[in-house]
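This is upload-v1.cif. It holds mmCIF, C-alpha atoms and all ligand atoms.
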data_coords
#
loop_
_atom_site.label_atom_id
_atom_site.label_comp_id
_atom_site.auth_asym_id
_atom_site.auth_seq_id
_atom_site.Cartn_x
_atom_site.Cartn_y
_atom_site.Cartn_z
CA MET R 278 58.80 -20.27 2.03
CA SER R 279 62.14 -21.72 0.93
CA LYS R 280 63.18 -25.36 1.25
CA THR R 281 63.19 -26.25 4.88
CA GLY R 282 65.27 -29.39 4.85
CA LYS R 283 62.20 -31.09 6.22
CA SER R 284 59.93 -33.78 4.86
CA ALA R 285 56.24 -33.87 4.05
CA VAL R 286 53.45 -36.33 3.35
CA VAL R 287 51.11 -35.21 0.54
CA LEU R 288 47.56 -36.49 0.05
CA LEU R 289 47.52 -37.32 -3.64
CA SER R 290 44.30 -38.30 -5.42
CA GLY R 291 45.43 -37.72 -8.99
CA GLY R 292 43.32 -34.59 -9.47
CA GLN R 293 44.35 -31.09 -10.44
CA ASP R 294 44.56 -29.77 -6.90
CA SER R 295 46.47 -32.58 -5.23
CA THR R 296 48.89 -32.87 -8.16
CA THR R 297 49.64 -29.16 -7.92
CA CYS R 298 50.18 -29.66 -4.18
CA LEU R 299 52.58 -32.52 -4.85
CA TYR R 300 54.82 -30.22 -6.86
CA TRP R 301 54.38 -27.40 -4.36
CA ALA R 302 55.62 -29.81 -1.68
CA LYS R 303 58.56 -30.86 -3.85
CA LYS R 304 59.56 -27.22 -4.08
CA HIS R 305 59.34 -26.60 -0.35
CA PHE R 306 60.50 -29.86 1.24
CA GLU R 307 63.61 -31.99 0.81
CA LYS R 308 61.82 -35.29 0.93
CA VAL R 309 58.24 -35.88 -0.11
CA TYR R 310 55.99 -38.91 0.37
CA ALA R 311 52.51 -39.32 -1.06
CA ILE R 312 49.48 -41.25 0.13
CA GLY R 313 46.26 -42.12 -1.69
CA PHE R 314 43.08 -44.03 -0.95
CA ARG R 315 40.73 -46.45 -2.61
CA TYR R 316 37.47 -45.82 -0.81
CA GLY R 317 34.94 -46.93 -3.36
CA GLN R 318 35.05 -43.70 -5.38
CA ARG R 319 33.36 -44.04 -8.77
CA HIS R 320 36.57 -43.76 -10.71
CA GLU R 321 39.04 -45.78 -8.73
CA PHE R 322 41.51 -45.62 -11.60
CA GLU R 323 42.28 -42.08 -10.44
CA VAL R 324 44.55 -43.88 -7.99
CA GLU R 325 46.47 -45.44 -10.89
CA LEU R 326 46.82 -42.02 -12.49
CA ALA R 327 48.10 -40.71 -9.17
CA GLN R 328 50.59 -43.58 -9.05
CA LYS R 329 51.96 -42.54 -12.46
CA ILE R 330 52.12 -38.89 -11.45
CA ALA R 331 54.01 -39.80 -8.28
CA GLU R 332 56.45 -42.02 -10.19
CA GLN R 333 57.16 -39.26 -12.66
CA ALA R 334 57.80 -36.90 -9.76
CA SER R 335 60.07 -39.50 -8.09
CA VAL R 336 57.87 -39.53 -5.01
CA PRO R 337 57.06 -42.80 -3.21
CA TYR R 338 53.31 -43.42 -3.22
CA VAL R 339 51.35 -45.68 -0.91
CA ILE R 340 47.73 -46.62 -1.54
CA HIS R 341 45.34 -47.66 1.23
CA GLU R 342 41.99 -49.35 1.09
CA ILE R 343 39.15 -47.79 3.07
CA GLN R 344 36.17 -49.57 1.62
CA THR R 345 34.15 -49.16 4.83
CA LEU R 346 33.51 -45.54 3.91
CA LYS R 347 31.39 -46.65 0.99
CA LYS R 348 29.48 -49.17 3.09
CA LEU R 349 28.63 -46.62 5.76
CA SER R 350 27.68 -43.71 3.56
CA ARG R 351 25.00 -42.86 0.98
CA ASN R 352 26.40 -40.31 -1.43
CA SER R 353 26.69 -40.07 -5.18
CA LEU R 354 30.48 -40.24 -5.28
CA THR R 355 30.71 -43.73 -3.81
CA ASN R 356 27.25 -45.00 -4.84
CA SER R 357 26.87 -45.16 -8.59
CA ASP R 358 23.11 -45.81 -8.27
CA ILE R 359 22.64 -42.24 -7.00
CA ALA R 360 22.62 -39.57 -9.72
CA MET R 361 25.07 -36.76 -9.02
CA ASP R 362 23.69 -33.32 -8.25
CA ALA R 363 24.43 -31.12 -11.24
CA GLU R 364 24.70 -28.13 -8.95
CA LYS R 365 24.57 -27.36 -5.27
CA PRO R 366 21.02 -27.64 -3.90
CA ALA R 367 19.83 -24.43 -2.21
CA ASP R 368 19.30 -25.99 1.22
CA SER R 369 21.96 -28.71 1.51
CA LEU R 370 25.38 -29.88 0.45
CA PRO R 371 25.67 -31.51 -2.97
CA ASN R 372 25.24 -35.29 -2.80
CA THR R 373 28.87 -35.69 -3.98
CA PHE R 374 29.86 -34.86 -0.41
CA VAL R 375 31.38 -37.90 1.33
CA PRO R 376 30.83 -37.34 5.06
CA GLY R 377 33.98 -37.69 7.13
CA ARG R 378 36.26 -38.27 4.16
CA ASN R 379 38.88 -35.62 4.76
CA MET R 380 38.96 -36.28 8.48
CA ILE R 381 39.63 -39.96 7.84
CA PHE R 382 42.22 -39.25 5.12
CA LEU R 383 44.08 -36.73 7.26
CA ASN R 384 44.07 -39.18 10.14
CA TYR R 385 45.65 -41.91 7.99
CA ALA R 386 48.13 -39.43 6.50
CA ALA R 387 49.10 -38.41 10.04
CA VAL R 388 49.61 -42.02 11.13
CA TYR R 389 51.84 -42.53 8.09
CA ALA R 390 53.75 -39.28 8.74
CA TYR R 391 54.21 -40.24 12.39
CA SER R 392 55.65 -43.61 11.40
CA LEU R 393 58.12 -41.86 9.08
CA GLY R 394 59.07 -39.21 11.66
CA VAL R 395 57.58 -36.55 9.34
CA HIS R 396 55.82 -33.50 10.78
CA ASN R 397 54.36 -31.85 7.68
CA ILE R 398 51.20 -32.88 5.85
CA VAL R 399 50.07 -31.22 2.63
CA THR R 400 46.50 -31.31 1.34
CA GLY R 401 44.84 -29.58 -1.60
CA VAL R 402 41.61 -28.53 0.09
CA SER R 403 40.23 -25.09 -0.70
CA GLN R 404 37.34 -23.09 0.63
CA ALA R 405 37.22 -20.77 -2.39
CA ASP R 406 35.24 -21.58 -5.55
CA TYR R 407 33.88 -24.90 -4.27
CA SER R 408 30.65 -26.54 -3.22
CA GLY R 409 30.95 -25.59 0.42
CA TYR R 410 32.19 -28.96 1.68
CA PRO R 411 32.69 -28.34 5.40
CA ASP R 412 35.81 -30.53 5.56
CA CYS R 413 37.58 -28.26 3.05
CA ARG R 414 37.29 -25.19 5.25
CA ASN R 415 40.18 -23.58 7.05
CA THR R 416 38.52 -23.84 10.48
CA PHE R 417 38.15 -27.60 10.04
CA ILE R 418 41.79 -28.01 9.03
CA LYS R 419 42.97 -25.99 12.04
CA SER R 420 40.78 -28.05 14.31
CA VAL R 421 41.88 -31.43 12.95
CA ASN R 422 45.49 -30.25 13.16
CA ALA R 423 45.03 -29.50 16.86
CA SER R 424 43.28 -32.83 17.43
CA LEU R 425 45.98 -34.84 15.65
CA ASN R 426 48.67 -33.15 17.73
CA LEU R 427 46.78 -34.12 20.88
CA ALA R 428 45.93 -37.60 19.63
CA MET R 429 49.54 -38.55 18.95
CA ASP R 430 51.36 -36.10 21.26
CA TYR R 431 53.31 -35.02 18.21
CA GLU R 432 53.60 -31.71 16.33
CA PHE R 433 51.98 -31.91 12.94
CA GLU R 434 51.68 -28.97 10.60
CA ILE R 435 48.96 -29.30 7.96
CA HIS R 436 49.76 -27.14 4.92
CA THR R 437 46.94 -26.04 2.61
CA PRO R 438 48.59 -24.08 -0.22
CA LEU R 439 45.29 -23.85 -2.14
CA MET R 440 43.01 -22.83 0.74
CA TRP R 441 42.27 -19.36 -0.68
CA CYS R 442 42.84 -20.19 -4.35
CA ASP R 443 40.09 -20.32 -6.93
CA LYS R 444 40.68 -22.59 -9.96
CA GLU R 445 42.31 -19.80 -11.93
CA ALA R 446 44.86 -19.35 -9.15
CA VAL R 447 45.48 -23.12 -9.01
CA TRP R 448 46.31 -23.12 -12.74
CA GLN R 449 48.60 -20.17 -12.17
CA LEU R 450 50.38 -21.97 -9.34
CA ALA R 451 50.86 -25.09 -11.49
CA ASP R 452 52.33 -22.90 -14.22
CA GLU R 453 54.68 -21.16 -11.77
CA LEU R 454 55.80 -24.57 -10.54
CA GLY R 455 56.54 -25.57 -14.16
CA VAL R 456 53.94 -28.37 -14.24
CA PHE R 457 51.07 -26.77 -16.15
CA ASP R 458 51.15 -29.45 -18.89
CA ILE R 459 51.42 -32.35 -16.43
CA VAL R 460 48.42 -31.05 -14.52
CA ARG R 461 46.44 -30.31 -17.67
CA THR R 462 47.03 -33.65 -19.41
CA GLN R 463 47.56 -36.27 -16.69
CA THR R 464 45.13 -35.49 -13.90
CA LEU R 465 41.53 -36.54 -13.37
CA THR R 466 39.02 -34.08 -11.96
CA CYS R 467 35.94 -35.06 -13.99
CA TYR R 468 32.99 -36.67 -12.19
CA ASN R 469 32.47 -38.81 -15.29
CA GLY R 470 35.97 -40.22 -15.11
CA VAL R 471 37.44 -38.60 -18.22
CA PRO R 472 41.07 -37.53 -17.57
CA ALA R 473 42.72 -34.28 -18.69
CA ASP R 474 40.15 -31.74 -19.99
CA GLY R 475 37.39 -34.19 -19.03
CA CYS R 476 33.82 -34.67 -20.25
CA GLY R 477 33.35 -30.92 -20.45
CA HIS R 478 29.93 -30.72 -18.83
CA CYS R 479 29.95 -32.11 -15.27
CA PRO R 480 30.28 -29.57 -12.39
CA ALA R 481 33.96 -30.44 -11.83
CA CYS R 482 34.81 -30.00 -15.52
CA THR R 483 32.88 -26.74 -15.72
CA LEU R 484 34.76 -25.32 -12.74
CA ARG R 485 38.12 -26.52 -14.03
CA ALA R 486 37.51 -25.21 -17.56
CA LYS R 487 36.27 -21.82 -16.35
CA GLY R 488 39.40 -21.37 -14.25
CA LEU R 489 41.63 -22.46 -17.11
CA GLU R 490 39.97 -20.09 -19.54
CA LYS R 491 40.33 -17.19 -17.11
CA TYR R 492 43.97 -18.00 -16.48
CA LEU R 493 44.87 -18.37 -20.15
CA ARG R 494 43.11 -15.11 -20.96
CA LYS R 495 45.01 -13.32 -18.20
CA LYS R 496 48.31 -14.77 -19.38
CA GLN R 497 47.93 -13.51 -22.96
ZN ZN B 1 33.44 -34.01 -16.43
#
Before anything else, please render the file you have as structure tokens.
Amino acid sequence: MSKTGKSAVVLLSGGQDSTTCLYWAKKHFEKVYAIGFRYGQRHEFEVELAQKIAEQASVPYVIHEIQTLKKLSRNSLTNSDIAMDAEKPADSLPNTFVPGRNMIFLNYAAVYAYSLGVHNIVTGVSQADYSGYPDCRNTFIKSVNASLNLAMDYEFEIHTPLMWCDKEAVWQLADELGVFDIVRTQTLTCYNGVPADGCGHCPACTLRAKGLEKYLRKKQ
């Protein structure tokens, strides 16, 4: 896909995936906007990191408060009194799953895009290599895309450049986009809130490090 002359709204959380998507969007669209949310996540300062990343990329960034999500939901990402599942339980989703989150975020992103006259939305969800969150799956994205088009009588296109990428492939994409160092040193993926290479032992760090190791080995 070459530059389309069109614009896009990117969901930017300050993590590895969304930061890679921000630069992917900058490559493919003339004008890029970013949106982020404070929803009671444990490490709200990820939003400040995202702000810095957006500034550096010369992309306007708006932050919205959705604190109701935390009040309605019991999960370990927005409730620090619940210990995070170290790995996915056999019979359920990990308790880091925030029900409804991506649906709500995409809805807000669409409202923002609509107000800007923008038709493209970019999100870093992936159904490869993850914990099986249902709102990261391709069928969900296709369905919410159809619903948003109907809800606003407007043609949105939700782009998911990482949908079939494992972490190794996400590192490779960041490298191809020339932002490997930015993604490695300025993003926050760690469940314990440690930026860059993180705490080294939480599930998010383990996944990120494994992918990085595989990619660096392949590159040699
Ligand atoms: Zn960690």
Separating CA of Asp458 in chain R from CA of Arg494 in chain R, to the nearest tenth of an Å, is a gap of 16.6 Å
Item checked: Coordinates-based distance that separates CA of Asp474 in chain R from CA of Arg461 in chain R (Å, one decimal) ->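 One can read the CA of Arg461 in chain R to CA of Asp474 in chain R distance as 6.9 Å.
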**Asked** Which is closer to ligand ZN 1 (chain B) than all the others in R:Met361, R:His436, R:Val447, R:Ala386, using only C-alpha atoms and all ligand atoms?
**Response**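 Ranking R:Met361, R:His436, R:Val447, R:Ala386 by distance to ligand ZN 1 (chain B), first place goes to R:Met361.
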Q.
For a quick check of understanding, using all atoms listed in the file, which of R:Val456, R:His396, R:Gly409, R:Gln497 has the smallest distance to Ala367 in chain R?
A.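 Smallest distance to Ala367 in chain R is found for R:Gly409.
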* Could you give me the residues within 8 Å of ligand ZN 1 (chain B), counting all atoms listed in the file, as number ranges by chain? => R: 466-471, 474-483
**OP:** Kindly give the distance, in Å, that separates CA of Thr400 in chain R and CA of Val287 in chain R, rounded to a single decimal.
**Re:**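 Distance reported for this atom pair: 6.1 Å.
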Q) Between R:Leu288, R:Val399, R:Leu346, R:Val309, which is the closest to Val324 in chain R once you count only C-alpha atoms? A)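 Distance minimum relative to Val324 in chain R lands on R:Leu288.
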The residues within 8 Å of (29.8, -41.1, -2.0), using all atoms listed in the file and the coordinates of the file, should be reported as a ChimeraX atom specification; which are they?
/R:317-318,347,350-356,372-375
Could you turn the residues from that selection into a file that holds C-alpha atoms, as a PDB file, in the frame of the given file?
ATOM      1  CA  GLY R 317      34.940 -46.930  -3.360  1.00  0.00           C
ATOM      2  CA  GLN R 318      35.050 -43.700  -5.380  1.00  0.00           C
ATOM      3  CA  LYS R 347      31.390 -46.650   0.990  1.00  0.00           C
ATOM      4  CA  SER R 350      27.680 -43.710   3.560  1.00  0.00           C
ATOM      5  CA  ARG R 351      25.000 -42.860   0.980  1.00  0.00           C
ATOM      6  CA  ASN R 352      26.400 -40.310  -1.430  1.00  0.00           C
ATOM      7  CA  SER R 353      26.690 -40.070  -5.180  1.00  0.00           C
ATOM      8  CA  LEU R 354      30.480 -40.240  -5.280  1.00  0.00           C
ATOM      9  CA  THR R 355      30.710 -43.730  -3.810  1.00  0.00           C
ATOM     10  CA  ASN R 356      27.250 -45.000  -4.840  1.00  0.00           C
ATOM     11  CA  ASN R 372      25.240 -35.290  -2.800  1.00  0.00           C
ATOM     12  CA  THR R 373      28.870 -35.690  -3.980  1.00  0.00           C
ATOM     13  CA  PHE R 374      29.860 -34.860  -0.410  1.00  0.00           C
ATOM     14  CA  VAL R 375      31.380 -37.900   1.330  1.00  0.00           C
TER      15      VAL R 375
END
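Closest approach to Ala423 in chain R from the set R:Asn384, R:Thr297, R:Gln333, R:Ser357 is made by R:Asn384, with distances taken over all atoms listed in the file.
Nearest to Gly377 in chain R of all the residues R:Pro411, R:Gly455, R:Gly292, R:Pro472 is R:Pro411, counting only C-alpha atoms.
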Please list as a list in words every residue within 10 Å of Gly394 in chain R, counting only C-alpha atoms and excluding residues in the same chain fewer than 4 positions away.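 Near Gly394 in chain R, the qualifying residues are Ser284, Ala285, Val388, Tyr389, Ala390 and Tyr431 of chain R.
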Just to be explicit: take each residue in the selection above, keep C-alpha atoms, and write the result as a PDB file, keeping the file's coordinate frame.
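Written out: part32.pdb:
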ATOM      1  CA  SER R 284      59.930 -33.780   4.860  1.00  0.00           C
ATOM      2  CA  ALA R 285      56.240 -33.870   4.050  1.00  0.00           C
ATOM      3  CA  VAL R 388      49.610 -42.020  11.130  1.00  0.00           C
ATOM      4  CA  TYR R 389      51.840 -42.530   8.090  1.00  0.00           C
ATOM      5  CA  ALA R 390      53.750 -39.280   8.740  1.00  0.00           C
ATOM      6  CA  TYR R 431      53.310 -35.020  18.210  1.00  0.00           C
TER       7      TYR R 431
END
For range 491-493 of chain R, work out the shell of residues within 12 Å, counting only C-alpha atoms and skipping chain neighbours fewer than 3 positions away, then give it as a PyMOL selection string. chain R and resi 443-452+457+484-488+496-497
* **Among the residues R:Asn397, R:Tyr316, R:Lys283, R:Leu326, the one that comes closest to Thr462 in chain R [using all atoms listed in the file]** =>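 Closest residue, counting all atoms listed in the file: R:Leu326.
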Residues near Gly291 in chain R, anyone? I mean within 10 Å using all atoms listed in the file, not counting same-chain ones fewer than 3 positions away, as a PyMOL selection string. chain R and resi 288+294-297+299+313+322-331+460+463-466+472
Might you pull out every residue within 6 Å of Cys413 in chain R, with only C-alpha atoms counted and same-chain residues fewer than 4 positions away left off, and present them as an mmCIF file with C-alpha atoms, in the coordinates of the input?
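Below is the file that was written, result13.cif:
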data_model
loop_
_atom_site.group_PDB
_atom_site.id
_atom_site.type_symbol
_atom_site.label_atom_id
_atom_site.label_comp_id
_atom_site.auth_asym_id
_atom_site.auth_seq_id
_atom_site.Cartn_x
_atom_site.Cartn_y
_atom_site.Cartn_z
ATOM 1 C CA VAL R 402 41.610 -28.530 0.090
ATOM 2 C CA SER R 403 40.230 -25.090 -0.700
ATOM 3 C CA GLN R 404 37.340 -23.090 0.630
#
N, CA and C atoms for range 312-334 of chain R, written as a PDB file, keeping the file's coordinate frame, could you do that?
ATOM      1  N   ILE R 312      50.412 -40.205  -0.310  1.00  0.00           N
ATOM      2  CA  ILE R 312      49.480 -41.250   0.130  1.00  0.00           C
ATOM      3  C   ILE R 312      48.147 -41.063  -0.605  1.00  0.00           C
ATOM      4  N   GLY R 313      47.555 -42.180  -0.996  1.00  0.00           N
ATOM      5  CA  GLY R 313      46.260 -42.120  -1.690  1.00  0.00           C
ATOM      6  C   GLY R 313      45.345 -43.216  -1.162  1.00  0.00           C
ATOM      7  N   PHE R 314      44.061 -43.108  -1.510  1.00  0.00           N
ATOM      8  CA  PHE R 314      43.080 -44.030  -0.950  1.00  0.00           C
ATOM      9  C   PHE R 314      42.127 -44.569  -2.011  1.00  0.00           C
ATOM     10  N   ARG R 315      41.849 -45.846  -1.872  1.00  0.00           N
ATOM     11  CA  ARG R 315      40.730 -46.450  -2.610  1.00  0.00           C
ATOM     12  C   ARG R 315      39.611 -46.598  -1.603  1.00  0.00           C
ATOM     13  N   TYR R 316      38.551 -45.811  -1.808  1.00  0.00           N
ATOM     14  CA  TYR R 316      37.470 -45.820  -0.810  1.00  0.00           C
ATOM     15  C   TYR R 316      36.126 -46.071  -1.461  1.00  0.00           C
ATOM     16  N   GLY R 317      36.189 -46.663  -2.668  1.00  0.00           N
ATOM     17  CA  GLY R 317      34.940 -46.930  -3.360  1.00  0.00           C
ATOM     18  C   GLY R 317      34.503 -45.764  -4.216  1.00  0.00           C
ATOM     19  N   GLN R 318      35.404 -44.818  -4.492  1.00  0.00           N
ATOM     20  CA  GLN R 318      35.050 -43.700  -5.380  1.00  0.00           C
ATOM     21  C   GLN R 318      34.695 -44.254  -6.758  1.00  0.00           C
ATOM     22  N   ARG R 319      33.845 -43.547  -7.481  1.00  0.00           N
ATOM     23  CA  ARG R 319      33.360 -44.040  -8.770  1.00  0.00           C
ATOM     24  C   ARG R 319      34.483 -44.394  -9.727  1.00  0.00           C
ATOM     25  N   HIS R 320      35.505 -43.562  -9.729  1.00  0.00           N
ATOM     26  CA  HIS R 320      36.570 -43.760 -10.710  1.00  0.00           C
ATOM     27  C   HIS R 320      37.865 -44.109  -9.982  1.00  0.00           C
ATOM     28  N   GLU R 321      37.903 -45.368  -9.543  1.00  0.00           N
ATOM     29  CA  GLU R 321      39.040 -45.780  -8.730  1.00  0.00           C
ATOM     30  C   GLU R 321      40.347 -45.706  -9.506  1.00  0.00           C
ATOM     31  N   PHE R 322      40.259 -45.674 -10.844  1.00  0.00           N
ATOM     32  CA  PHE R 322      41.510 -45.620 -11.600  1.00  0.00           C
ATOM     33  C   PHE R 322      42.227 -44.284 -11.433  1.00  0.00           C
ATOM     34  N   GLU R 323      41.561 -43.318 -10.761  1.00  0.00           N
ATOM     35  CA  GLU R 323      42.280 -42.080 -10.440  1.00  0.00           C
ATOM     36  C   GLU R 323      43.522 -42.398  -9.600  1.00  0.00           C
ATOM     37  N   VAL R 324      43.418 -43.482  -8.822  1.00  0.00           N
ATOM     38  CA  VAL R 324      44.550 -43.880  -7.990  1.00  0.00           C
ATOM     39  C   VAL R 324      45.727 -44.354  -8.862  1.00  0.00           C
ATOM     40  N   GLU R 325      45.399 -45.018  -9.965  1.00  0.00           N
ATOM     41  CA  GLU R 325      46.470 -45.440 -10.890  1.00  0.00           C
ATOM     42  C   GLU R 325      47.108 -44.235 -11.582  1.00  0.00           C
ATOM     43  N   LEU R 326      46.275 -43.253 -11.907  1.00  0.00           N
ATOM     44  CA  LEU R 326      46.820 -42.020 -12.490  1.00  0.00           C
ATOM     45  C   LEU R 326      47.737 -41.335 -11.478  1.00  0.00           C
ATOM     46  N   ALA R 327      47.293 -41.321 -10.230  1.00  0.00           N
ATOM     47  CA  ALA R 327      48.100 -40.710  -9.170  1.00  0.00           C
ATOM     48  C   ALA R 327      49.437 -41.437  -9.021  1.00  0.00           C
ATOM     49  N   GLN R 328      49.377 -42.759  -9.146  1.00  0.00           N
ATOM     50  CA  GLN R 328      50.590 -43.580  -9.050  1.00  0.00           C
ATOM     51  C   GLN R 328      51.601 -43.148 -10.134  1.00  0.00           C
ATOM     52  N   LYS R 329      51.101 -42.962 -11.337  1.00  0.00           N
ATOM     53  CA  LYS R 329      51.960 -42.540 -12.460  1.00  0.00           C
ATOM     54  C   LYS R 329      52.542 -41.156 -12.213  1.00  0.00           C
ATOM     55  N   ILE R 330      51.679 -40.268 -11.720  1.00  0.00           N
ATOM     56  CA  ILE R 330      52.120 -38.890 -11.450  1.00  0.00           C
ATOM     57  C   ILE R 330      53.219 -38.901 -10.391  1.00  0.00           C
ATOM     58  N   ALA R 331      53.025 -39.717  -9.357  1.00  0.00           N
ATOM     59  CA  ALA R 331      54.010 -39.800  -8.280  1.00  0.00           C
ATOM     60  C   ALA R 331      55.337 -40.374  -8.802  1.00  0.00           C
ATOM     61  N   GLU R 332      55.244 -41.411  -9.621  1.00  0.00           N
ATOM     62  CA  GLU R 332      56.450 -42.020 -10.190  1.00  0.00           C
ATOM     63  C   GLU R 332      57.245 -41.017 -10.995  1.00  0.00           C
ATOM     64  N   GLN R 333      56.521 -40.276 -11.816  1.00  0.00           N
ATOM     65  CA  GLN R 333      57.160 -39.260 -12.660  1.00  0.00           C
ATOM     66  C   GLN R 333      57.834 -38.185 -11.821  1.00  0.00           C
ATOM     67  N   ALA R 334      57.247 -37.911 -10.649  1.00  0.00           N
ATOM     68  CA  ALA R 334      57.800 -36.900  -9.760  1.00  0.00           C
ATOM     69  C   ALA R 334      58.847 -37.484  -8.811  1.00  0.00           C
TER      70      ALA R 334
END
